[in-house]
$ cat protein-v5.txt   # compact mmCIF, C-alpha atoms
# COMPACT_ATOMS: atom_id res chain seq x y z
CA MET V 1212 -27.04 -35.24 -18.06
CA LYS V 1213 -27.81 -38.62 -19.58
CA VAL V 1214 -25.02 -41.01 -18.59
CA VAL V 1215 -24.37 -44.65 -19.41
CA VAL V 1216 -22.13 -46.24 -16.77
CA LEU V 1217 -20.58 -49.12 -18.71
CA ALA V 1218 -19.49 -52.13 -16.67
CA GLY V 1219 -19.33 -55.93 -16.62
CA GLY V 1220 -18.04 -57.51 -19.81
CA THR V 1221 -16.12 -60.75 -20.21
CA SER V 1222 -12.77 -60.08 -18.54
CA THR V 1223 -11.49 -61.78 -15.40
CA GLU V 1224 -12.14 -58.45 -13.66
CA ARG V 1225 -15.85 -58.52 -14.43
CA ASP V 1226 -16.98 -58.58 -10.78
CA VAL V 1227 -14.70 -55.67 -9.89
CA SER V 1228 -16.09 -53.72 -12.82
CA LEU V 1229 -19.69 -54.28 -11.76
CA VAL V 1230 -18.99 -53.06 -8.22
CA SER V 1231 -17.08 -50.05 -9.59
CA GLY V 1232 -19.99 -49.34 -11.92
CA SER V 1233 -22.59 -49.55 -9.15
CA MET V 1234 -20.63 -47.09 -6.98
CA ILE V 1235 -20.21 -44.65 -9.87
CA TYR V 1236 -23.86 -44.99 -10.87
CA LYS V 1237 -25.03 -44.20 -7.33
CA ALA V 1238 -22.68 -41.21 -7.11
CA LEU V 1239 -23.91 -39.74 -10.39
CA ARG V 1240 -27.54 -40.30 -9.43
CA SER V 1241 -26.89 -38.43 -6.17
CA LYS V 1242 -25.58 -35.51 -8.25
CA GLY V 1243 -28.86 -35.38 -10.19
CA HIS V 1244 -27.76 -37.06 -13.42
CA GLN V 1245 -29.95 -39.46 -15.41
CA ALA V 1246 -27.52 -42.33 -15.05
CA ILE V 1247 -28.08 -45.98 -15.97
CA LEU V 1248 -25.80 -48.95 -15.27
CA LEU V 1249 -25.32 -51.20 -18.29
CA ASP V 1250 -23.46 -54.47 -18.79
CA VAL V 1251 -21.46 -54.01 -21.99
CA TYR V 1252 -21.74 -57.70 -22.94
CA LEU V 1253 -25.26 -58.62 -21.79
CA GLY V 1254 -26.88 -55.32 -22.81
CA LEU V 1255 -30.57 -54.59 -22.45
CA GLU V 1256 -33.42 -56.15 -24.40
CA GLY V 1257 -36.64 -54.41 -25.42
CA ASP V 1258 -37.72 -50.82 -25.98
CA VAL V 1259 -35.08 -48.37 -24.70
CA SER V 1260 -36.50 -45.15 -26.13
CA ASN V 1261 -37.18 -43.57 -22.70
CA ILE V 1262 -34.71 -45.55 -20.62
CA PHE V 1263 -32.95 -42.54 -19.09
CA GLU V 1264 -36.25 -41.50 -17.48
CA ASP V 1265 -36.56 -44.94 -15.86
CA ASN V 1266 -36.01 -44.52 -12.11
CA ARG V 1267 -35.39 -48.20 -11.31
CA ASP V 1268 -32.40 -49.08 -9.13
CA TRP V 1269 -29.97 -50.26 -11.79
CA ALA V 1270 -27.45 -51.41 -9.15
CA LYS V 1271 -29.91 -53.43 -7.09
CA GLU V 1272 -28.55 -56.84 -8.07
CA ILE V 1273 -24.85 -55.95 -7.76
CA GLY V 1274 -23.09 -57.57 -4.78
CA SER V 1275 -19.52 -57.42 -3.54
CA VAL V 1276 -16.39 -58.70 -5.29
CA ALA V 1277 -15.93 -62.45 -4.73
CA ALA V 1278 -12.60 -63.84 -3.57
CA GLU V 1279 -12.24 -65.87 -6.78
CA ASN V 1280 -12.30 -64.86 -10.44
CA PRO V 1281 -15.74 -65.05 -12.12
CA ASP V 1282 -16.63 -67.95 -14.42
CA ILE V 1283 -16.63 -66.15 -17.76
CA GLU V 1284 -18.02 -69.12 -19.69
CA LYS V 1285 -21.15 -69.03 -17.51
CA ILE V 1286 -21.53 -65.33 -18.29
CA LYS V 1287 -21.19 -65.95 -22.02
CA ALA V 1288 -23.85 -68.66 -21.81
CA LEU V 1289 -26.34 -65.99 -20.69
CA ARG V 1290 -26.14 -64.51 -24.19
CA PRO V 1291 -26.20 -67.28 -26.81
CA ALA V 1292 -25.80 -64.77 -29.66
CA GLY V 1293 -22.53 -63.49 -28.22
CA HIS V 1294 -20.59 -64.86 -31.18
CA LYS V 1295 -22.25 -62.23 -33.38
CA GLY V 1296 -20.47 -59.37 -31.65
CA PHE V 1297 -19.09 -58.20 -28.33
CA PHE V 1298 -21.60 -55.44 -27.57
CA GLY V 1299 -24.85 -56.63 -26.02
CA PRO V 1300 -28.34 -55.65 -27.21
CA ASN V 1301 -28.88 -51.87 -27.39
CA VAL V 1302 -25.49 -51.03 -25.87
CA LEU V 1303 -24.21 -48.89 -28.74
CA ASN V 1304 -27.68 -47.40 -29.24
CA LEU V 1305 -27.84 -46.25 -25.61
CA CYS V 1306 -24.24 -45.00 -25.61
CA GLN V 1307 -25.07 -42.85 -28.64
CA GLN V 1308 -28.18 -41.51 -26.89
CA ALA V 1309 -26.18 -40.55 -23.79
CA ASP V 1310 -24.32 -37.28 -23.28
CA VAL V 1311 -21.34 -39.25 -22.00
CA VAL V 1312 -20.29 -42.84 -21.24
CA PHE V 1313 -18.60 -43.43 -17.89
CA MET V 1314 -16.13 -46.29 -18.38
CA ALA V 1315 -16.26 -48.58 -15.35
CA LEU V 1316 -14.72 -51.49 -17.27
CA HIS V 1317 -11.55 -53.26 -16.17
CA GLY V 1318 -9.26 -55.68 -17.99
CA SER V 1319 -9.54 -57.03 -21.53
CA ASN V 1320 -12.21 -55.70 -23.87
CA GLY V 1321 -12.63 -52.59 -21.77
CA GLU V 1322 -9.32 -51.24 -20.55
CA ASP V 1323 -7.24 -52.23 -23.58
CA GLY V 1324 -8.34 -49.55 -26.06
CA LYS V 1325 -10.73 -51.62 -28.19
CA ILE V 1326 -13.96 -50.06 -26.94
CA GLN V 1327 -12.30 -46.65 -26.76
CA ALA V 1328 -11.41 -46.93 -30.46
CA CYS V 1329 -14.99 -47.83 -31.32
CA PHE V 1330 -16.34 -44.86 -29.35
CA GLU V 1331 -13.86 -42.50 -30.97
CA LEU V 1332 -15.05 -43.61 -34.41
CA LEU V 1333 -18.68 -43.10 -33.36
CA GLU V 1334 -17.82 -39.76 -31.66
CA ILE V 1335 -19.19 -40.93 -28.31
CA PRO V 1336 -17.65 -39.01 -25.36
CA PHE V 1337 -16.20 -41.35 -22.72
CA THR V 1338 -14.19 -41.11 -19.52
CA GLY V 1339 -10.53 -42.04 -19.25
CA THR V 1340 -7.73 -42.01 -21.76
CA ASP V 1341 -7.83 -42.54 -25.54
CA TYR V 1342 -7.52 -45.85 -27.37
CA VAL V 1343 -3.80 -45.60 -28.21
CA SER V 1344 -2.59 -44.90 -24.68
CA ALA V 1345 -5.06 -47.41 -23.22
CA ALA V 1346 -3.67 -50.14 -25.48
CA MET V 1347 -0.05 -49.28 -24.64
CA ALA V 1348 -0.63 -49.18 -20.88
CA MET V 1349 -2.59 -52.44 -20.89
CA ASP V 1350 0.24 -54.37 -22.53
CA LYS V 1351 2.92 -54.87 -19.87
CA CYS V 1352 5.53 -55.72 -22.51
CA ILE V 1353 4.96 -52.45 -24.37
CA THR V 1354 4.82 -50.53 -21.09
CA LYS V 1355 8.17 -52.01 -20.06
CA ASP V 1356 9.75 -50.90 -23.36
CA ILE V 1357 8.36 -47.35 -22.96
CA PHE V 1358 9.58 -47.13 -19.36
CA ILE V 1359 13.10 -48.11 -20.38
CA ALA V 1360 13.11 -45.69 -23.35
CA ASN V 1361 12.04 -42.82 -21.08
CA GLN V 1362 14.36 -43.63 -18.15
CA ILE V 1363 11.44 -44.55 -15.88
CA PRO V 1364 12.85 -46.71 -13.05
CA THR V 1365 11.33 -50.18 -13.44
CA PRO V 1366 12.35 -53.71 -12.38
CA MET V 1367 14.74 -55.62 -14.64
CA GLY V 1368 12.66 -57.88 -16.84
CA THR V 1369 12.11 -59.63 -20.13
CA ARG V 1370 9.20 -60.80 -22.25
CA ILE V 1371 8.48 -64.44 -23.01
CA LYS V 1372 6.14 -65.99 -25.56
CA MET V 1373 4.23 -69.25 -25.37
CA GLY V 1374 6.05 -72.01 -27.21
CA GLU V 1375 9.23 -69.99 -27.83
CA LYS V 1376 12.67 -70.40 -26.30
CA GLU V 1377 13.56 -67.84 -23.65
CA ALA V 1378 16.50 -65.61 -24.62
CA ILE V 1379 17.11 -64.26 -21.10
CA ARG V 1380 16.55 -65.80 -17.69
CA ILE V 1381 15.74 -63.59 -14.71
CA PRO V 1382 17.25 -64.90 -11.45
CA PHE V 1383 14.99 -66.28 -8.72
CA PRO V 1384 12.93 -65.04 -7.05
CA CYS V 1385 11.06 -63.51 -9.96
CA ILE V 1386 7.56 -62.36 -10.86
CA VAL V 1387 5.71 -63.79 -13.87
CA LYS V 1388 2.83 -61.69 -15.24
CA ALA V 1389 0.38 -62.22 -18.07
CA SER V 1390 1.12 -59.39 -20.48
CA CYS V 1391 -2.43 -58.02 -20.65
CA GLY V 1392 -3.90 -59.10 -17.33
CA GLY V 1393 -5.19 -56.83 -14.58
CA SER V 1394 -6.00 -56.94 -10.85
CA SER V 1395 -2.97 -59.23 -10.42
CA VAL V 1396 -4.75 -62.00 -12.34
CA GLY V 1397 -2.13 -64.27 -13.92
CA VAL V 1398 0.62 -62.93 -11.61
CA THR V 1399 2.79 -65.36 -9.62
CA ILE V 1400 6.00 -65.23 -7.57
CA ALA V 1401 8.45 -67.99 -8.54
CA ARG V 1402 11.32 -68.96 -6.21
CA ASN V 1403 12.57 -72.05 -8.02
CA GLU V 1404 12.34 -73.88 -11.34
CA GLU V 1405 9.22 -75.85 -10.43
CA GLU V 1406 7.37 -72.71 -9.32
CA TYR V 1407 8.61 -70.88 -12.43
CA GLU V 1408 7.13 -73.49 -14.79
CA ALA V 1409 3.83 -73.34 -12.89
CA ALA V 1410 3.89 -69.52 -12.99
CA LYS V 1411 4.38 -69.50 -16.76
CA LYS V 1412 1.52 -71.96 -17.20
CA GLU V 1413 -0.73 -69.71 -15.10
CA ALA V 1414 0.24 -66.56 -17.04
CA PHE V 1415 -0.30 -68.27 -20.40
CA ARG V 1416 -3.87 -69.11 -19.37
CA TYR V 1417 -4.65 -65.44 -19.96
CA ASP V 1418 -2.24 -64.38 -22.71
CA ARG V 1419 0.26 -65.83 -25.19
CA GLU V 1420 2.88 -63.37 -23.97
CA ALA V 1421 4.14 -62.68 -20.44
CA VAL V 1422 6.62 -60.49 -18.58
CA VAL V 1423 9.19 -61.94 -16.19
CA GLU V 1424 10.63 -59.43 -13.72
CA GLU V 1425 13.05 -59.44 -10.82
CA TYR V 1426 11.22 -59.68 -7.52
CA ILE V 1427 11.44 -56.42 -5.58
CA GLU V 1428 11.15 -57.00 -1.85
CA GLY V 1429 10.02 -53.97 0.09
CA ARG V 1430 7.10 -51.56 0.40
CA GLU V 1431 4.30 -51.20 -2.15
CA PHE V 1432 2.66 -47.93 -3.15
CA SER V 1433 0.14 -46.52 -5.60
CA ILE V 1434 -0.30 -42.99 -6.94
CA GLY V 1435 -3.26 -41.57 -8.81
CA VAL V 1436 -2.67 -38.87 -11.41
CA ILE V 1437 -5.47 -36.53 -12.49
CA ASP V 1438 -4.95 -33.96 -15.25
CA GLY V 1439 -1.22 -34.77 -15.13
CA LYS V 1440 -0.90 -33.94 -11.42
CA ALA V 1441 -0.10 -36.61 -8.82
CA LEU V 1442 -2.39 -37.17 -5.84
CA PRO V 1443 -1.15 -38.19 -2.36
CA ILE V 1444 0.58 -41.58 -2.23
CA VAL V 1445 -1.11 -44.61 -0.66
CA GLU V 1446 0.94 -47.43 0.85
CA ILE V 1447 -0.42 -50.97 0.46
CA ALA V 1448 0.46 -53.64 3.02
CA PRO V 1449 -1.32 -57.00 2.54
CA LYS V 1450 -1.79 -58.89 5.81
CA ALA V 1451 -0.74 -62.10 4.06
CA GLY V 1452 0.99 -62.79 0.76
CA PHE V 1453 1.26 -60.11 -1.92
CA TYR V 1454 -1.29 -57.67 -3.34
CA ASP V 1455 -3.16 -60.28 -5.41
CA TYR V 1456 -6.79 -60.39 -6.57
CA LYS V 1457 -8.10 -61.47 -3.18
CA ASN V 1458 -6.13 -58.90 -1.20
CA LYS V 1459 -7.17 -56.14 -3.59
CA TYR V 1460 -10.91 -56.57 -3.18
CA GLN V 1461 -11.66 -58.38 0.08
CA ALA V 1462 -12.28 -55.83 2.83
CA GLY V 1463 -9.83 -56.22 5.71
CA SER V 1464 -7.21 -58.13 3.68
CA THR V 1465 -4.90 -55.17 3.30
CA VAL V 1466 -3.76 -52.21 5.40
CA GLU V 1467 -3.81 -49.05 3.27
CA THR V 1468 -2.23 -45.83 4.54
CA CYS V 1469 -2.95 -42.55 2.77
CA PRO V 1470 -1.00 -40.33 2.72
CA ALA V 1471 1.85 -42.85 2.92
CA VAL V 1472 4.44 -42.35 5.65
CA LEU V 1473 7.39 -41.14 3.57
CA ASP V 1474 9.72 -38.19 3.96
CA GLU V 1475 9.14 -35.16 1.73
CA GLU V 1476 12.02 -35.95 -0.62
CA LYS V 1477 10.82 -39.53 -1.33
CA THR V 1478 7.21 -38.36 -1.65
CA LYS V 1479 8.06 -35.72 -4.25
CA ARG V 1480 10.35 -38.09 -6.15
CA MET V 1481 7.72 -40.85 -6.40
CA GLN V 1482 5.00 -38.37 -7.41
CA LYS V 1483 7.31 -36.94 -10.08
CA ILE V 1484 7.93 -40.43 -11.51
CA ALA V 1485 4.16 -41.04 -11.62
CA GLU V 1486 3.68 -37.79 -13.55
CA ASP V 1487 6.52 -38.78 -15.91
CA VAL V 1488 4.81 -42.12 -16.56
CA PHE V 1489 1.58 -40.29 -17.33
CA LYS V 1490 3.44 -38.26 -19.99
CA ALA V 1491 5.49 -41.15 -21.38
CA LEU V 1492 2.41 -43.30 -22.00
CA ARG V 1493 0.52 -40.30 -23.45
CA LEU V 1494 -2.25 -40.79 -20.89
CA LYS V 1495 -5.18 -38.43 -20.64
CA ASN V 1496 -7.52 -37.37 -17.83
CA TYR V 1497 -6.66 -39.85 -15.06
CA ALA V 1498 -4.74 -43.02 -14.25
CA ARG V 1499 -3.06 -44.81 -11.35
CA MET V 1500 0.57 -45.95 -11.15
CA ASP V 1501 1.84 -48.84 -9.01
CA PHE V 1502 5.27 -48.75 -7.32
CA MET V 1503 7.65 -50.82 -5.23
CA MET V 1504 10.42 -49.41 -3.04
CA ASN V 1505 13.19 -51.73 -1.86
CA LYS V 1506 14.93 -51.68 1.51
CA GLU V 1507 17.55 -49.25 0.19
CA GLY V 1508 14.87 -46.76 -0.82
CA LYS V 1509 15.15 -47.32 -4.59
CA MET V 1510 11.82 -46.85 -6.38
CA TYR V 1511 10.44 -48.92 -9.24
CA CYS V 1512 7.30 -48.22 -11.26
CA LEU V 1513 5.52 -51.47 -12.09
CA GLU V 1514 2.68 -50.37 -14.38
CA ALA V 1515 -0.09 -47.87 -15.12
CA ASN V 1516 -3.82 -48.50 -14.75
CA THR V 1517 -5.93 -46.39 -17.12
CA LEU V 1518 -9.31 -47.36 -15.61
CA PRO V 1519 -8.49 -47.78 -11.91
CA GLY V 1520 -11.00 -49.47 -9.64
CA MET V 1521 -13.79 -47.45 -8.07
CA THR V 1522 -14.90 -50.00 -5.46
CA PRO V 1523 -15.22 -49.42 -1.69
CA THR V 1524 -11.63 -50.65 -1.23
CA SER V 1525 -10.14 -48.94 -4.32
CA LEU V 1526 -7.09 -46.72 -4.06
CA LEU V 1527 -7.79 -43.73 -6.32
CA PRO V 1528 -10.91 -42.63 -4.36
CA GLN V 1529 -8.89 -42.89 -1.12
CA GLU V 1530 -6.17 -40.65 -2.56
CA ALA V 1531 -8.68 -38.08 -3.82
CA ASN V 1532 -10.38 -38.07 -0.42
CA ALA V 1533 -7.03 -37.25 1.20
CA VAL V 1534 -7.08 -33.86 -0.59
CA GLY V 1535 -10.74 -33.22 0.19
CA ILE V 1536 -12.34 -34.59 -2.98
CA SER V 1537 -15.38 -36.74 -2.17
CA PHE V 1538 -16.25 -39.82 -4.22
CA GLU V 1539 -19.21 -37.98 -5.77
CA GLU V 1540 -17.02 -35.00 -6.68
CA LEU V 1541 -14.38 -37.32 -8.15
CA CYS V 1542 -16.93 -39.01 -10.41
CA GLU V 1543 -18.33 -35.64 -11.49
CA HIS V 1544 -14.83 -34.37 -12.33
CA MET V 1545 -14.01 -37.47 -14.37
CA MET V 1546 -17.22 -37.06 -16.33
CA GLN V 1547 -16.61 -33.38 -17.00
CA GLN V 1548 -13.09 -34.23 -18.20
CA ALA V 1549 -14.62 -36.51 -20.83
CA LEU V 1550 -16.81 -33.72 -22.16
CA ARG V 1551 -13.84 -31.34 -22.40
CA SER V 1552 -11.54 -33.81 -24.19
$ encode --input "protein-v5.txt" --output "structure tokens"
Amino acid sequence: MKVVVLAGGTSTERDVSLVSGSMIYKALRSKGHQAILLDVYLGLEGDVSNIFEDNRDWAKEIGSVAAENPDIEKIKALRPAGHKGFFGPNVLNLCQQADVVFMALHGSNGEDGKIQACFELLEIPFTGTDYVSAAMAMDKCITKDIFIANQIPTPMGTRIKMGEKEAIRIPFPCIVKASCGGSSVGVTIARNEEEYEAAKKEAFRYDREAVVEEYIEGREFSIGVIDGKALPIVEIAPKAGFYDYKNKYQAGSTVETCPAVLDEEKTKRMQKIAEDVFKALRLKNYARMDFMMNKEGKMYCLEANTLPGMTPTSLLPQEANAVGISFEELCEHMMQQALRS
């Protein structure tokens, strides 16, 4: 099949997306598909009429994920006409030529439903969930409201807006999160007033709205859900600090155990909550849910990721591998899901 693996973009998770895209592209090529890797923002100049027959290595220039966020302004400078529209040259043309688009995008303008809505209007098949559920899951404030309405256990929290007085104060220590950030970008632990003001300033760099939650001290977990069914649980234990951007993507920064060492009762309960989240957010095809469990064994779902990472250190491929699904088979399944939706 002709496949566009769509990656890059202008979000703070651009580097992660490119590495995810390169891994997916290589997997699909190994399965015999005519796959190309395309940066959604930079696009491709020139004649693209026979591009799917081009056997160049589209992932040749892709490196590893850097420890720091990419400089998005430098990326935008590579395309001076960017103000005329988000999609780069020939992007929509190639997506319409393809049999399916594999979404390897992460963060804003990729995981938030905007591109999904465009593709639905153009009747372009794509991997992952639809635009409505993607938008709901991306917004941590909306997700929090849906969790509470559906009795999903989640940390006590409130939303705050830039420039507005706070109605509720969450006791220290607390977590401050940019409402629509990903990969723990714009997420800070605050233990006192000074740290809290700095945390809000950091969150508001990325969004005008943020979530403040009680800090849950304990063990961290993640659970992938495919076709509504939970995969084995992975436990995440950063060697230093919390599971931030650096610890997520720098090899050796985190100890990940899959399946997680939990008794059967706790395993089934956490998997059931993940499946309930999948239903509550109206998710389709696949997603990944993040959890904390405190010292008393109480579980809290933090959020849902509708386009989870597919890098060498990513969690969903580890979970699939635990039940005998190779990375190549996982990518193939995700693509076939898109064609059936």
$ atom_distance --input "protein-v5.txt" --atom1 "atom CA of Glu1476 of chain V" --atom2 "atom CA of Glu1507 of chain V"
14.4 Å
$ atom_distance --input "protein-v5.txt" --atom1 "atom CA of Leu1473 of chain V" --atom2 "atom CA of Gly1508 of chain V"
10.3 Å
$ residues_around --input "protein-v5.txt" --residues "Ala1401 of chain V" --least-positions-apart "3" --cutoff "10 Å" --atoms "only C-alpha atoms" --output "VMD selection string"
chain V and resid 1382 to 1387 1398 1404 to 1411 1423 1425 to 1426
$ atom_distance --input "protein-v5.txt" --atom1 "atom CA of Glu1431 of chain V" --atom2 "atom CA of Glu1514 of chain V"
12.4 Å
$ residues_near_point --input "protein-v5.txt" --point "(-10.8, -48.7, -20.6)" --cutoff "9 Å" --atoms "all atoms listed in the file" --output "list in words"
Met1314, Ala1315, Leu1316, His1317, Gly1318, Ser1319, Asn1320, Gly1321, Glu1322, Asp1323, Gly1324, Lys1325, Ile1326, Gln1327, Thr1338, Gly1339, Thr1340, Asp1341, Tyr1342, Ala1345, Ala1346, Thr1517 and Leu1518 of chain V
$ write_last_selection --input "protein-v5.txt" --atoms "C-alpha atoms" --output "PDB file, in the frame of the given file"
ATOM      1  CA  MET V1314     -16.130 -46.290 -18.380  1.00  0.00           C
ATOM      2  CA  ALA V1315     -16.260 -48.580 -15.350  1.00  0.00           C
ATOM      3  CA  LEU V1316     -14.720 -51.490 -17.270  1.00  0.00           C
ATOM      4  CA  HIS V1317     -11.550 -53.260 -16.170  1.00  0.00           C
ATOM      5  CA  GLY V1318      -9.260 -55.680 -17.990  1.00  0.00           C
ATOM      6  CA  SER V1319      -9.540 -57.030 -21.530  1.00  0.00           C
ATOM      7  CA  ASN V1320     -12.210 -55.700 -23.870  1.00  0.00           C
ATOM      8  CA  GLY V1321     -12.630 -52.590 -21.770  1.00  0.00           C
ATOM      9  CA  GLU V1322      -9.320 -51.240 -20.550  1.00  0.00           C
ATOM     10  CA  ASP V1323      -7.240 -52.230 -23.580  1.00  0.00           C
ATOM     11  CA  GLY V1324      -8.340 -49.550 -26.060  1.00  0.00           C
ATOM     12  CA  LYS V1325     -10.730 -51.620 -28.190  1.00  0.00           C
ATOM     13  CA  ILE V1326     -13.960 -50.060 -26.940  1.00  0.00           C
ATOM     14  CA  GLN V1327     -12.300 -46.650 -26.760  1.00  0.00           C
ATOM     15  CA  THR V1338     -14.190 -41.110 -19.520  1.00  0.00           C
ATOM     16  CA  GLY V1339     -10.530 -42.040 -19.250  1.00  0.00           C
ATOM     17  CA  THR V1340      -7.730 -42.010 -21.760  1.00  0.00           C
ATOM     18  CA  ASP V1341      -7.830 -42.540 -25.540  1.00  0.00           C
ATOM     19  CA  TYR V1342      -7.520 -45.850 -27.370  1.00  0.00           C
ATOM     20  CA  ALA V1345      -5.060 -47.410 -23.220  1.00  0.00           C
ATOM     21  CA  ALA V1346      -3.670 -50.140 -25.480  1.00  0.00           C
ATOM     22  CA  THR V1517      -5.930 -46.390 -17.120  1.00  0.00           C
ATOM     23  CA  LEU V1518      -9.310 -47.360 -15.610  1.00  0.00           C
TER      24      LEU V1518
END
$ residues_around --input "protein-v5.txt" --residues "segment 1254-1259 of chain V" --least-positions-apart "3" --cutoff "12 Å" --atoms "all atoms listed in the file" --output "ChimeraX atom specification"
/V:1215-1220,1247-1251,1262-1265,1269,1289-1290,1292-1293,1296-1306,1308-1309
$ residues_around --input "protein-v5.txt" --residues "segment 1491-1498 of chain V" --least-positions-apart "3" --cutoff "8 Å" --atoms "only C-alpha atoms" --output "list in words"
Thr1338, Gly1339, Thr1340, Asp1341, Ser1344, Ala1345, Met1347, Ala1348, Thr1354, Ile1357, Phe1358, Asn1361, Gly1435, Val1436, Ile1437, Asp1438, Gly1439, Asp1487, Val1488, Ala1515, Asn1516, Thr1517, Leu1518, Pro1519, Met1545, Gln1548 and Ala1549 of chain V
$ residues_around --input "protein-v5.txt" --residues "Ile1379 of chain V" --least-positions-apart "2" --cutoff "7 Å" --atoms "all atoms listed in the file" --output "MDAnalysis selection string"
chainID V and resid 1369 1377 1381
$ closest_residue --input "protein-v5.txt" --among "V:Met1500, V:Ile1353, V:Ala1288, V:Val1466" --to "Glu1446 of chain V" --atoms "all atoms listed in the file"
V:Val1466
$ closest_residue --input "protein-v5.txt" --among "V:Ala1238, V:Val1422, V:Ile1400, V:Val1472" --to "Arg1380 of chain V" --atoms "only C-alpha atoms"
V:Val1422
$ residues_near_point --input "protein-v5.txt" --point "(-4.8, -63.9, -23.4)" --cutoff "12 Å" --atoms "only C-alpha atoms" --output "list in words"
Ser1222, Thr1223, Gly1318, Ser1319, Asn1320, Asp1323, Met1349, Asp1350, Lys1372, Met1373, Lys1388, Ala1389, Ser1390, Cys1391, Gly1392, Gly1393, Val1396, Gly1397, Lys1412, Glu1413, Ala1414, Phe1415, Arg1416, Tyr1417, Asp1418, Arg1419, Glu1420 and Ala1421 of chain V
$ residues_around --input "protein-v5.txt" --residues "Lys1213 of chain V" --least-positions-apart "5" --cutoff "7 Å" --atoms "only C-alpha atoms" --output "MDAnalysis selection string"
chainID V and resid 1244:1246 1263 1309:1311
$ closest_residue --input "protein-v5.txt" --among "V:Ile1536, V:Ala1485, V:Leu1527, V:Leu1513" --to "Cys1352 of chain V" --atoms "all atoms listed in the file"
V:Leu1513
$ build_atoms --input "protein-v5.txt" --residues "segment 1288-1305 of chain V" --atoms "N, CA and C atoms" --output "tab-separated table (two decimals), in the frame of the given file"
chain	number	residue	atom	x	y	z
V	1288	ALA	N	-22.69	-67.80	-21.56
V	1288	ALA	CA	-23.85	-68.66	-21.81
V	1288	ALA	C	-25.17	-67.91	-21.62
V	1289	LEU	N	-25.13	-66.79	-20.89
V	1289	LEU	CA	-26.34	-65.99	-20.69
V	1289	LEU	C	-26.75	-65.26	-21.96
V	1290	ARG	N	-25.83	-65.19	-22.93
V	1290	ARG	CA	-26.14	-64.51	-24.19
V	1290	ARG	C	-25.70	-65.41	-25.34
V	1291	PRO	N	-26.56	-66.31	-25.77
V	1291	PRO	CA	-26.20	-67.28	-26.81
V	1291	PRO	C	-25.73	-66.64	-28.12
V	1292	ALA	N	-26.19	-65.43	-28.40
V	1292	ALA	CA	-25.80	-64.77	-29.66
V	1292	ALA	C	-24.51	-63.98	-29.53
V	1293	GLY	N	-23.75	-64.24	-28.46
V	1293	GLY	CA	-22.53	-63.49	-28.22
V	1293	GLY	C	-21.50	-63.58	-29.33
V	1294	HIS	N	-21.54	-64.69	-30.08
V	1294	HIS	CA	-20.59	-64.86	-31.18
V	1294	HIS	C	-20.80	-63.86	-32.31
V	1295	LYS	N	-21.95	-63.19	-32.31
V	1295	LYS	CA	-22.25	-62.23	-33.38
V	1295	LYS	C	-21.66	-60.85	-33.13
V	1296	GLY	N	-21.09	-60.66	-31.95
V	1296	GLY	CA	-20.47	-59.37	-31.65
V	1296	GLY	C	-20.34	-59.18	-30.15
V	1297	PHE	N	-19.37	-58.37	-29.75
V	1297	PHE	CA	-19.09	-58.20	-28.33
V	1297	PHE	C	-20.18	-57.40	-27.62
V	1298	PHE	N	-20.64	-56.32	-28.23
V	1298	PHE	CA	-21.60	-55.44	-27.57
V	1298	PHE	C	-22.97	-56.13	-27.46
V	1299	GLY	N	-23.55	-56.06	-26.25
V	1299	GLY	CA	-24.85	-56.63	-26.02
V	1299	GLY	C	-25.97	-55.83	-26.67
V	1300	PRO	N	-27.20	-56.34	-26.60
V	1300	PRO	CA	-28.34	-55.65	-27.21
V	1300	PRO	C	-28.47	-54.20	-26.71
V	1301	ASN	N	-28.61	-53.29	-27.65
V	1301	ASN	CA	-28.88	-51.87	-27.39
V	1301	ASN	C	-27.73	-51.10	-26.74
V	1302	VAL	N	-26.59	-51.73	-26.55
V	1302	VAL	CA	-25.49	-51.03	-25.87
V	1302	VAL	C	-25.02	-49.81	-26.67
V	1303	LEU	N	-24.69	-50.02	-27.94
V	1303	LEU	CA	-24.21	-48.89	-28.74
V	1303	LEU	C	-25.32	-47.86	-28.93
V	1304	ASN	N	-26.54	-48.31	-29.10
V	1304	ASN	CA	-27.68	-47.40	-29.24
V	1304	ASN	C	-27.78	-46.48	-28.02
V	1305	LEU	N	-27.72	-47.04	-26.83
V	1305	LEU	CA	-27.84	-46.25	-25.61
V	1305	LEU	C	-26.63	-45.35	-25.39
